[in-house]
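Enquirer: You'll find input_35.cif just under this line, and it carries mmCIF, C-alpha atoms.
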```cif
data_start
#
loop_
_atom_site.group_PDB
_atom_site.id
_atom_site.type_symbol
_atom_site.label_atom_id
_atom_site.label_comp_id
_atom_site.auth_asym_id
_atom_site.auth_seq_id
_atom_site.Cartn_x
_atom_site.Cartn_y
_atom_site.Cartn_z
ATOM 1 C CA MET A 12 7.707 124.663 7.823
ATOM 2 C CA PRO A 13 4.512 125.561 5.909
ATOM 3 C CA GLN A 14 4.800 122.266 4.051
ATOM 4 C CA PHE A 15 5.151 120.370 7.338
ATOM 5 C CA ARG A 16 2.116 122.148 8.832
ATOM 6 C CA GLU A 17 0.113 121.426 5.675
ATOM 7 C CA LYS A 18 1.010 117.743 5.833
ATOM 8 C CA ARG A 19 0.164 117.569 9.532
ATOM 9 C CA SER A 20 -3.216 119.223 8.953
ATOM 10 C CA GLN A 21 -3.898 116.743 6.154
ATOM 11 C CA GLN A 22 -3.059 113.843 8.516
ATOM 12 C CA ASP A 23 -5.336 115.273 11.213
ATOM 13 C CA ASN A 24 -8.150 115.600 8.706
ATOM 14 C CA TYR A 25 -7.538 112.045 7.555
ATOM 15 C CA GLY A 26 -7.561 110.829 11.171
ATOM 16 C CA ARG A 27 -10.841 112.641 11.892
ATOM 17 C CA GLN A 28 -12.340 111.106 8.774
ATOM 18 C CA GLN A 29 -11.179 107.670 9.859
ATOM 19 C CA ASN A 30 -12.578 108.148 13.385
ATOM 20 C CA GLY A 31 -15.835 109.348 11.919
ATOM 21 C CA HIS A 32 -15.901 106.370 9.613
ATOM 22 C CA GLY A 33 -15.178 104.089 12.618
ATOM 23 C CA ARG A 34 -18.003 105.638 14.617
ATOM 24 C CA GLN A 35 -20.269 105.246 11.629
ATOM 25 C CA GLN A 36 -19.262 101.569 11.371
ATOM 26 C CA ASP A 37 -19.937 101.090 15.119
ATOM 27 C CA SER A 38 -23.343 102.729 14.732
ATOM 28 C CA ILE A 39 -24.107 100.269 11.933
ATOM 29 C CA THR A 40 -22.683 97.073 13.489
ATOM 30 C CA ARG A 41 -24.048 97.524 17.021
ATOM 31 C CA PRO A 42 -27.726 97.467 15.956
ATOM 32 C CA ARG A 43 -26.941 94.425 13.828
ATOM 33 C CA GLN A 44 -25.349 92.666 16.788
ATOM 34 C CA ARG A 45 -28.309 93.603 18.954
ATOM 35 C CA ILE A 46 -30.779 92.272 16.382
ATOM 36 C CA HIS A 47 -28.756 89.039 16.025
ATOM 37 C CA HIS A 48 -28.682 88.607 19.813
ATOM 38 C CA GLU A 49 -32.440 89.206 20.049
ATOM 39 C CA ARG A 50 -33.097 86.692 17.266
ATOM 40 C CA ARG A 51 -30.906 84.111 19.025
ATOM 41 C CA GLU A 52 -32.770 84.631 22.296
ATOM 42 C CA HIS A 53 -36.044 84.320 20.408
ATOM 43 C CA HIS A 54 -35.105 80.963 18.858
ATOM 44 C CA GLU A 55 -33.411 79.410 21.914
ATOM 45 C CA PRO A 56 -35.907 77.854 24.373
ATOM 46 C CA ARG A 57 -35.764 79.271 27.842
ATOM 47 C CA ARG A 58 -34.829 76.870 30.624
ATOM 48 C CA LEU A 59 -37.712 76.374 33.026
ATOM 49 C CA HIS A 60 -36.946 76.035 36.710
ATOM 50 C CA LEU A 61 -39.356 73.992 38.805
ATOM 51 C CA ASN A 62 -40.761 75.293 42.044
ATOM 52 C CA PRO A 63 -40.710 72.910 45.050
ATOM 53 C CA PHE A 64 -44.240 71.633 44.403
ATOM 54 C CA GLU A 65 -43.428 70.833 40.789
ATOM 55 C CA GLN A 66 -40.203 69.111 41.861
ATOM 56 C CA HIS A 67 -42.210 66.833 44.168
ATOM 57 C CA LEU A 68 -44.662 66.043 41.361
ATOM 58 C CA VAL A 69 -41.908 65.128 38.910
ATOM 59 C CA ALA A 70 -40.259 62.929 41.545
ATOM 60 C CA ALA A 71 -43.624 61.265 42.214
ATOM 61 C CA THR A 72 -44.010 60.381 38.527
ATOM 62 C CA GLY A 73 -40.544 58.828 38.626
ATOM 63 C CA GLU A 74 -41.502 56.780 41.669
ATOM 64 C CA PHE A 75 -44.733 55.627 40.044
ATOM 65 C CA VAL A 76 -43.114 54.492 36.801
ATOM 66 C CA GLY A 77 -40.047 53.068 38.543
ATOM 67 C CA THR A 78 -42.024 51.135 41.168
ATOM 68 C CA PHE A 79 -44.320 49.778 38.473
ATOM 69 C CA LEU A 80 -41.406 48.529 36.361
ATOM 70 C CA PHE A 81 -39.502 47.105 39.326
ATOM 71 C CA LEU A 82 -42.470 45.089 40.567
ATOM 72 C CA PHE A 83 -43.782 44.193 37.116
ATOM 73 C CA PHE A 84 -40.548 42.414 36.224
ATOM 74 C CA GLY A 85 -40.154 41.065 39.755
ATOM 75 C CA TYR A 86 -43.687 39.627 39.806
ATOM 76 C CA ALA A 87 -43.369 38.284 36.257
ATOM 77 C CA GLY A 88 -40.065 36.566 36.978
ATOM 78 C CA HIS A 89 -41.421 35.141 40.234
ATOM 79 C CA LEU A 90 -44.518 33.799 38.459
ATOM 80 C CA MET A 91 -42.402 32.234 35.714
ATOM 81 C CA VAL A 92 -40.288 30.365 38.279
ATOM 82 C CA LEU A 93 -43.393 29.036 40.002
ATOM 83 C CA ASP A 94 -44.933 27.923 36.702
ATOM 84 C CA MET A 95 -41.762 25.935 35.975
ATOM 85 C CA SER A 96 -41.578 24.488 39.491
ATOM 86 C CA ALA A 97 -42.033 20.926 38.232
ATOM 87 C CA SER A 98 -38.673 21.105 36.441
ATOM 88 C CA THR A 99 -36.865 23.349 38.943
ATOM 89 C CA PRO A 100 -35.577 22.134 42.332
ATOM 90 C CA GLY A 101 -36.803 24.044 45.387
ATOM 91 C CA ALA A 102 -33.440 25.590 46.289
ATOM 92 C CA SER A 103 -32.919 26.768 42.726
ATOM 93 C CA GLN A 104 -36.359 28.374 42.743
ATOM 94 C CA ILE A 105 -35.337 30.546 45.682
ATOM 95 C CA ILE A 106 -32.202 31.735 43.866
ATOM 96 C CA TYR A 107 -34.116 32.506 40.675
ATOM 97 C CA ILE A 108 -36.838 34.409 42.547
ATOM 98 C CA SER A 109 -34.199 36.360 44.454
ATOM 99 C CA MET A 110 -32.478 37.220 41.198
ATOM 100 C CA ALA A 111 -35.742 38.378 39.628
ATOM 101 C CA TYR A 112 -36.339 40.976 42.345
ATOM 102 C CA GLY A 113 -32.682 41.864 42.926
ATOM 103 C CA PHE A 114 -31.745 42.490 39.299
ATOM 104 C CA SER A 115 -35.034 44.209 38.561
ATOM 105 C CA LEU A 116 -34.284 46.643 41.385
ATOM 106 C CA LEU A 117 -30.672 47.111 40.264
ATOM 107 C CA VAL A 118 -31.543 48.128 36.704
ATOM 108 C CA THR A 119 -34.596 50.214 37.600
ATOM 109 C CA VAL A 120 -32.803 52.156 40.342
ATOM 110 C CA TRP A 121 -29.948 52.874 37.951
ATOM 111 C CA ALA A 122 -32.425 54.288 35.432
ATOM 112 C CA PHE A 123 -34.506 56.386 37.839
ATOM 113 C CA TYR A 124 -32.198 57.585 40.614
ATOM 114 C CA ARG A 125 -31.633 60.916 38.839
ATOM 115 C CA ILE A 126 -35.382 61.540 38.690
ATOM 116 C CA SER A 127 -36.692 60.552 42.103
ATOM 117 C CA GLY A 128 -33.851 58.821 43.917
ATOM 118 C CA GLY A 129 -35.086 55.366 42.913
ATOM 119 C CA LEU A 130 -36.716 54.429 46.224
ATOM 120 C CA PHE A 131 -39.702 52.264 45.121
ATOM 121 C CA ASN A 132 -40.375 51.309 48.744
ATOM 122 C CA PRO A 133 -42.298 53.092 51.534
ATOM 123 C CA ALA A 134 -39.873 51.697 54.131
ATOM 124 C CA VAL A 135 -36.864 53.039 52.226
ATOM 125 C CA THR A 136 -38.640 56.383 51.879
ATOM 126 C CA LEU A 137 -39.178 56.501 55.640
ATOM 127 C CA GLY A 138 -35.534 55.624 56.322
ATOM 128 C CA LEU A 139 -34.222 58.322 54.007
ATOM 129 C CA CYS A 140 -36.577 60.918 55.491
ATOM 130 C CA ILE A 141 -35.425 60.085 59.023
ATOM 131 C CA SER A 142 -31.782 60.257 57.982
ATOM 132 C CA GLY A 143 -32.321 63.611 56.269
ATOM 133 C CA ALA A 144 -31.483 62.402 52.768
ATOM 134 C CA VAL A 145 -35.052 63.057 51.550
ATOM 135 C CA PRO A 146 -37.164 65.986 52.801
ATOM 136 C CA TRP A 147 -40.271 65.070 54.774
ATOM 137 C CA ALA A 148 -42.354 67.260 52.470
ATOM 138 C CA ARG A 149 -41.669 64.835 49.612
ATOM 139 C CA ALA A 150 -42.866 61.699 51.425
ATOM 140 C CA PRO A 151 -46.617 62.455 50.932
ATOM 141 C CA PHE A 152 -45.952 62.526 47.189
ATOM 142 C CA LEU A 153 -43.714 59.457 46.923
ATOM 143 C CA ILE A 154 -45.478 56.911 49.124
ATOM 144 C CA PRO A 155 -48.931 57.161 47.457
ATOM 145 C CA ALA A 156 -47.237 56.926 44.049
ATOM 146 C CA GLN A 157 -45.429 53.755 45.163
ATOM 147 C CA LEU A 158 -48.611 52.135 46.488
ATOM 148 C CA ILE A 159 -50.658 52.967 43.392
ATOM 149 C CA ALA A 160 -47.871 51.654 41.174
ATOM 150 C CA CYS A 161 -47.608 48.351 43.061
ATOM 151 C CA MET A 162 -51.328 47.720 42.592
ATOM 152 C CA CYS A 163 -51.057 48.531 38.886
ATOM 153 C CA ALA A 164 -48.093 46.168 38.509
ATOM 154 C CA GLY A 165 -49.968 43.331 40.205
ATOM 155 C CA ALA A 166 -53.065 43.918 38.067
ATOM 156 C CA VAL A 167 -51.104 44.018 34.788
ATOM 157 C CA VAL A 168 -49.224 40.812 35.627
ATOM 158 C CA ARG A 169 -52.523 39.115 36.477
ATOM 159 C CA VAL A 170 -54.060 40.134 33.137
ATOM 160 C CA ILE A 171 -51.061 39.441 30.887
ATOM 161 C CA PHE A 172 -49.591 36.200 32.241
ATOM 162 C CA PRO A 173 -51.148 32.848 33.075
ATOM 163 C CA GLY A 174 -50.806 31.647 36.630
ATOM 164 C CA ASP A 175 -52.212 32.517 40.021
ATOM 165 C CA VAL A 176 -51.120 35.968 41.236
ATOM 166 C CA ALA A 177 -52.047 34.902 44.762
ATOM 167 C CA SER A 178 -49.035 32.565 44.649
ATOM 168 C CA LEU A 179 -46.840 35.697 44.712
ATOM 169 C CA ASN A 180 -48.072 36.637 48.188
ATOM 170 C CA THR A 181 -45.472 36.824 50.922
ATOM 171 C CA LEU A 182 -46.151 34.003 53.382
ATOM 172 C CA LEU A 183 -44.371 32.670 56.444
ATOM 173 C CA ALA A 184 -42.619 29.312 56.180
ATOM 174 C CA PRO A 185 -43.904 26.411 58.270
ATOM 175 C CA GLY A 186 -42.624 26.759 61.822
ATOM 176 C CA MET A 187 -42.260 30.560 61.645
ATOM 177 C CA ASN A 188 -44.421 32.466 64.138
ATOM 178 C CA LEU A 189 -45.519 36.088 63.843
ATOM 179 C CA ALA A 190 -42.812 37.500 66.105
ATOM 180 C CA GLN A 191 -40.122 35.694 64.148
ATOM 181 C CA GLY A 192 -41.614 36.997 60.923
ATOM 182 C CA VAL A 193 -41.618 40.605 62.145
ATOM 183 C CA PHE A 194 -38.011 40.497 63.336
ATOM 184 C CA ALA A 195 -36.814 38.670 60.228
ATOM 185 C CA GLU A 196 -38.407 41.299 57.993
ATOM 186 C CA MET A 197 -36.973 44.021 60.230
ATOM 187 C CA PHE A 198 -33.393 42.793 59.848
ATOM 188 C CA PHE A 199 -33.738 42.049 56.136
ATOM 189 C CA THR A 200 -35.023 45.566 55.504
ATOM 190 C CA ALA A 201 -32.497 47.200 57.836
ATOM 191 C CA TYR A 202 -29.719 45.629 55.775
ATOM 192 C CA LEU A 203 -31.179 46.970 52.528
ATOM 193 C CA VAL A 204 -31.848 50.467 53.888
ATOM 194 C CA PHE A 205 -28.397 50.785 55.442
ATOM 195 C CA VAL A 206 -26.750 49.802 52.141
ATOM 196 C CA ILE A 207 -28.825 52.480 50.387
ATOM 197 C CA LEU A 208 -27.833 55.098 52.957
ATOM 198 C CA MET A 209 -24.123 54.330 52.755
ATOM 199 C CA LEU A 210 -23.858 53.868 49.000
ATOM 200 C CA ALA A 211 -26.391 56.383 47.658
ATOM 201 C CA ALA A 212 -27.260 58.947 50.346
ATOM 202 C CA GLU A 213 -23.659 59.188 51.576
ATOM 203 C CA LYS A 214 -21.833 60.703 48.624
ATOM 204 C CA SER A 215 -18.432 59.340 47.627
ATOM 205 C CA LYS A 216 -16.425 58.629 44.498
ATOM 206 C CA ASP A 217 -18.333 55.329 44.178
ATOM 207 C CA THR A 218 -21.842 56.797 44.389
ATOM 208 C CA PHE A 219 -22.505 56.267 40.682
ATOM 209 C CA LEU A 220 -22.125 52.512 41.292
ATOM 210 C CA ALA A 221 -24.655 52.529 44.148
ATOM 211 C CA PRO A 222 -27.415 50.770 42.126
ATOM 212 C CA ILE A 223 -25.207 47.683 41.799
ATOM 213 C CA GLY A 224 -24.740 47.434 45.563
ATOM 214 C CA ILE A 225 -28.428 48.110 46.198
ATOM 215 C CA GLY A 226 -29.579 45.424 43.783
ATOM 216 C CA LEU A 227 -27.111 42.912 45.192
ATOM 217 C CA ALA A 228 -28.206 43.759 48.750
ATOM 218 C CA LEU A 229 -31.808 42.895 47.865
ATOM 219 C CA PHE A 230 -30.637 39.709 46.157
ATOM 220 C CA VAL A 231 -28.661 38.634 49.234
ATOM 221 C CA ALA A 232 -31.527 39.439 51.628
ATOM 222 C CA GLU A 233 -34.042 37.632 49.419
ATOM 223 C CA ILE A 234 -32.172 34.326 49.571
ATOM 224 C CA PRO A 235 -33.224 33.631 53.182
ATOM 225 C CA GLY A 236 -36.181 35.985 52.919
ATOM 226 C CA VAL A 237 -38.020 34.184 50.108
ATOM 227 C CA TYR A 238 -37.984 30.955 52.078
ATOM 228 C CA PHE A 239 -38.693 32.111 55.631
ATOM 229 C CA THR A 240 -41.005 35.122 55.210
ATOM 230 C CA GLY A 241 -41.669 35.397 51.480
ATOM 231 C CA GLY A 242 -39.001 38.084 51.182
ATOM 232 C CA SER A 243 -40.984 41.300 51.303
ATOM 233 C CA LEU A 244 -38.585 43.997 52.612
ATOM 234 C CA ASN A 245 -41.096 46.364 51.039
ATOM 235 C CA PRO A 246 -44.751 46.966 51.974
ATOM 236 C CA ALA A 247 -45.510 47.797 48.338
ATOM 237 C CA ARG A 248 -44.149 44.433 47.162
ATOM 238 C CA SER A 249 -46.547 42.540 49.469
ATOM 239 C CA PHE A 250 -49.468 44.914 48.976
ATOM 240 C CA GLY A 251 -49.533 44.972 45.165
ATOM 241 C CA CYS A 252 -49.970 41.255 44.520
ATOM 242 C CA ALA A 253 -52.352 40.866 47.485
ATOM 243 C CA VAL A 254 -54.669 43.526 46.036
ATOM 244 C CA ALA A 255 -54.454 42.061 42.519
ATOM 245 C CA ALA A 256 -55.281 38.513 43.710
ATOM 246 C CA PRO A 257 -57.247 39.660 45.827
ATOM 247 C CA SER A 258 -56.014 37.598 48.743
ATOM 248 C CA PHE A 259 -54.561 38.867 52.008
ATOM 249 C CA PRO A 260 -53.028 36.530 54.593
ATOM 250 C CA GLY A 261 -54.294 37.144 58.113
ATOM 251 C CA TYR A 262 -50.858 38.383 59.169
ATOM 252 C CA HIS A 263 -50.336 40.774 56.228
ATOM 253 C CA TRP A 264 -49.604 43.511 58.762
ATOM 254 C CA ILE A 265 -46.173 42.052 59.546
ATOM 255 C CA TYR A 266 -45.014 43.091 56.053
ATOM 256 C CA TRP A 267 -45.675 46.687 57.035
ATOM 257 C CA VAL A 268 -44.475 46.647 60.624
ATOM 258 C CA GLY A 269 -41.276 44.649 59.997
ATOM 259 C CA PRO A 270 -39.918 46.761 57.099
ATOM 260 C CA LEU A 271 -40.812 50.031 58.822
ATOM 261 C CA LEU A 272 -38.993 48.916 61.985
ATOM 262 C CA GLY A 273 -36.034 47.939 59.831
ATOM 263 C CA ALA A 274 -35.970 51.409 58.264
ATOM 264 C CA LEU A 275 -35.976 52.963 61.748
ATOM 265 C CA LEU A 276 -33.127 50.701 62.870
ATOM 266 C CA ALA A 277 -30.942 51.408 59.823
ATOM 267 C CA SER A 278 -31.506 55.169 59.859
ATOM 268 C CA ALA A 279 -30.839 55.336 63.614
ATOM 269 C CA TYR A 280 -27.460 53.628 63.218
ATOM 270 C CA TYR A 281 -26.659 55.802 60.201
ATOM 271 C CA LYS A 282 -27.322 58.954 62.213
ATOM 272 C CA PHE A 283 -25.198 57.554 65.062
ATOM 273 C CA ILE A 284 -22.126 57.014 62.872
ATOM 274 C CA LYS A 285 -22.632 60.405 61.229
ATOM 275 C CA MET A 286 -22.829 62.085 64.620
ATOM 276 C CA TYR A 287 -19.498 60.575 65.650
ATOM 277 C CA HIS A 288 -17.774 61.185 62.294
ATOM 278 C CA TYR A 289 -17.286 57.614 61.157
ATOM 279 C CA GLU A 290 -14.853 58.720 58.436
ATOM 280 C CA GLU A 291 -12.261 59.503 61.120
ATOM 281 C CA ALA A 292 -12.348 55.918 62.422
ATOM 282 C CA ASN A 293 -10.984 54.551 59.147
ATOM 283 C CA PRO A 294 -9.683 57.535 57.166
ATOM 284 C CA GLY A 295 -8.579 57.627 53.561
ATOM 285 C CA GLN A 296 -11.058 55.084 52.187
ATOM 286 C CA ASP A 297 -12.200 57.448 49.432
ATOM 287 C CA ALA A 298 -8.734 58.778 48.635
ATOM 288 C CA THR A 299 -7.625 58.536 45.017
ATOM 289 C CA GLU A 300 -4.006 57.954 46.006
ATOM 290 C CA SER A 301 -2.555 55.768 48.724
ATOM 291 C CA PRO A 302 -1.278 57.795 51.669
ATOM 292 C CA ASP A 303 2.461 58.051 52.227
ATOM 293 C CA THR A 304 3.651 55.733 54.964
ATOM 294 C CA ASP A 305 6.949 55.714 56.769
ATOM 295 C CA VAL A 306 8.781 52.393 56.536
#
```
Let me see the file written as structure tokens.
Expert:
Amino acid sequence: MPQFREKRSQQDNYGRQQNGHGRQQDSITRPRQRIHHERREHHEPRRLHLNPFEQHLVAATGEFVGTFLFLFFGYAGHLMVLDMSASTPGASQIIYISMAYGFSLLVTVWAFYRISGGLFNPAVTLGLCISGAVPWARAPFLIPAQLIACMCAGAVVRVIFPGDVASLNTLLAPGMNLAQGVFAEMFFTAYLVFVILMLAAEKSKDTFLAPIGIGLALFVAEIPGVYFTGGSLNPARSFGCAVAAPSFPGYHWIYWVGPLLGALLASAYYKFIKMYHYEEANPGQDATESPDTDV
């Protein structure tokens, strides 16, 4: 019995020594862990979160750069086609001009939609604000950026490339009166804005492909538009080259009124189908698997 008690007391002493050693180790390692954590926080950059005003400013820079690039390549391609008009048939010119603007929009929207939405058009901005996809507070930042960028694009194209920038102006075809021009621009723009609302603003599994549909929509609308009205669909597109020339047709106003009416028309129909839950009229279009059907 005494031997057993002696052994037990020795084990208790050993256990207390081990616990003391463990506490001593904890007291040593915890400050080290704390110092390591503080050093890591010191070296890692802190993520900055933008306030609403800063968000609008960043989006405005995206709209400025994006609108400039879209119209720079659109204007340059348009001017190139006109300079080669002697060797290019008239119908082919229209297709090439339509491709210049359509593909320029496709690529530029794809690059900038994460920054600002890739609008590049005051009429599109109005349509998305009416539909609720873009807050109204952002419009005063985006539209001035788009208009300044379009003037810069027209001026740079005039300085860099030979040719008459005034030839890029949107003009009505012979036989087209002002009313026809306004309504043509309205329907062309309504088509473009509605495609943007359904493919980009309305989120689905295909939203990441929206820039392709948007660029193709402009291309399709430009085919009749280039011939009959000059194919504006965008006040900034008509305004930039007119300022750079400088040369304004007497009916320049139709390239503001028509696209803005088109934006109103497209956003009104978009809100109508949203109000009545369009997805219930033709359900399952975004499903990943085909629904089971009874045979």
Enquirer: Compile the contact shell of stretch 233-241 of chain A as a PyMOL selection string: residues with an atom at most 7 Å away, counting only C-alpha atoms, same-chain residues fewer than 5 positions apart removed.
Expert: chain A and resi 105-106+109+181-184+192
Enquirer: Go ahead and compute the interatomic distance for atom CA of A:Gly261 and atom CA of A:Gly165, in Å to one decimal.
Expert: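 Result for atom CA of A:Gly261 versus atom CA of A:Gly165: 19.4 Å, one decimal.
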Enquirer: Return the single residue from A:Ile223, A:Ala160, A:Leu139, A:Leu179 that is closest to A:Gly85, with distances computed using only C-alpha atoms.
Expert: A:Leu179
Enquirer: Of the candidates A:Pro185, A:Ile126, A:Gly273, A:Ala279, which one gets nearest to A:Phe198 if we count only C-alpha atoms?
Expert: A:Gly273
Enquirer: Decode the PyMOL selection byres ((chain A and resi 211) around 12) for the given file into explicit residues and return them as number ranges by chain.
Expert: A: 120-121, 124-125, 128-130, 135, 139, 144-145, 203-210, 212-225
Enquirer: Pull out every residue that the PyMOL selection byres ((chain A and resi 104) around 10) matches in the shown coordinates and put them as number ranges by chain.
Expert: A: 89, 92-93, 95-96, 98-103, 105-110, 234, 237-238
Enquirer: Taking into account all atoms listed in the file, which residue in the set A:Asn62, A:Asn132, A:Thr119, A:Asn188 is nearest to A:Val76?
Expert: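 Looking at the shortest contact to A:Val76, the residue is A:Thr119.
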Enquirer: Expressed in Å to a single decimal, how great is the separation between atom CA of A:Gly186 and atom CA of A:Trp264?
Expert: 18.4 Å
Enquirer: Hey, which of A:Tyr262, A:Thr72, A:Leu229, A:Arg248 ends up closest to A:Met187? Count all atoms listed in the file.
Expert: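 Once distances to A:Met187 are computed over all atoms listed in the file, the minimum belongs to A:Tyr262.
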Enquirer: Taking the file as shown, what set of residues would the PyMOL selection byres ((chain A and resi 253) around 10) give back, as an NGL selection string?
Expert: :A and (161-162 or 165-166 or 176-181 or 247-252 or 254-260 or 263)
Enquirer: For A:Leu80, which residue out of A:Ser127, A:Ser115, A:Ser278, A:Thr200 is the nearest one, using all atoms listed in the file?
Expert: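 Distance minimum relative to A:Leu80 lands on A:Ser115.
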Enquirer: Given the choices A:Leu153, A:Leu272, A:Leu158, A:Val167, which gets closest to A:Phe194 if the distance is worked out from all atoms listed in the file?
Expert: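 Distance minimum relative to A:Phe194 lands on A:Leu272.
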Enquirer: Just the number, please: distance in Å from atom CA of A:Tyr202 to atom CA of A:Leu275, one decimal.
Expert: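 Straight-line distance from atom CA of A:Tyr202 to atom CA of A:Leu275 works out to 11.3 Å.
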Enquirer: Do you know which residues are at most 7 Å from A:Pro133 counting all atoms listed in the file, after dropping those on the same chain fewer than 4 positions away, and could you put them as a PyMOL selection string?
Expert: chain A and resi 137+154+245-247
Enquirer: Got a sec: who's within 10 Å of A:Tyr280, counting all atoms listed in the file, leaving out chain neighbours fewer than 4 positions off, as a compact mmCIF listing (two decimals) with C-alpha atoms, keeping the file's coordinate frame?
Expert:
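Contents of result_31.txt, freshly written:
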```
# COMPACT_ATOMS: atom_id res chain seq x y z
CA SER A 142 -31.78 60.26 57.98
CA ALA A 201 -32.50 47.20 57.84
CA PHE A 205 -28.40 50.78 55.44
CA LEU A 275 -35.98 52.96 61.75
CA LEU A 276 -33.13 50.70 62.87
CA ILE A 284 -22.13 57.01 62.87
CA LYS A 285 -22.63 60.40 61.23
CA MET A 286 -22.83 62.08 64.62
```
Enquirer: Take stretch 220-226 of chain A, bring it up to all heavy atoms, and give me the output as a compact mmCIF listing (two decimals), in the coordinates of the input.
Expert:
```
# COMPACT_ATOMS: atom_id res chain seq x y z
N LEU A 220 -21.98 53.97 41.32
CA LEU A 220 -22.12 52.51 41.29
C LEU A 220 -23.11 52.01 42.35
O LEU A 220 -23.28 50.80 42.50
CB LEU A 220 -20.77 51.84 41.51
CG LEU A 220 -19.72 52.07 40.42
CD1 LEU A 220 -18.39 51.47 40.83
CD2 LEU A 220 -20.17 51.49 39.09
N ALA A 221 -23.75 52.92 43.07
CA ALA A 221 -24.66 52.53 44.15
C ALA A 221 -25.75 51.56 43.70
O ALA A 221 -26.08 50.62 44.45
CB ALA A 221 -25.27 53.78 44.78
N PRO A 222 -26.36 51.72 42.52
CA PRO A 222 -27.42 50.77 42.13
C PRO A 222 -26.96 49.32 42.11
O PRO A 222 -27.76 48.42 42.40
CB PRO A 222 -27.80 51.26 40.72
CG PRO A 222 -27.50 52.70 40.72
CD PRO A 222 -26.25 52.83 41.55
N ILE A 223 -25.69 49.07 41.79
CA ILE A 223 -25.21 47.68 41.80
C ILE A 223 -25.24 47.12 43.22
O ILE A 223 -25.74 46.01 43.46
CB ILE A 223 -23.78 47.61 41.22
CG1 ILE A 223 -23.77 48.07 39.76
CG2 ILE A 223 -23.22 46.20 41.35
CD1 ILE A 223 -22.40 48.09 39.14
N GLY A 224 -24.72 47.89 44.17
CA GLY A 224 -24.74 47.43 45.56
C GLY A 224 -26.15 47.28 46.10
O GLY A 224 -26.43 46.34 46.86
N ILE A 225 -27.05 48.18 45.71
CA ILE A 225 -28.43 48.11 46.20
C ILE A 225 -29.12 46.87 45.65
O ILE A 225 -29.80 46.14 46.38
CB ILE A 225 -29.18 49.39 45.80
CG1 ILE A 225 -28.58 50.59 46.55
CG2 ILE A 225 -30.66 49.27 46.10
CD1 ILE A 225 -29.06 51.94 46.04
N GLY A 226 -28.96 46.62 44.36
CA GLY A 226 -29.58 45.42 43.78
C GLY A 226 -29.03 44.14 44.37
O GLY A 226 -29.77 43.20 44.65
```
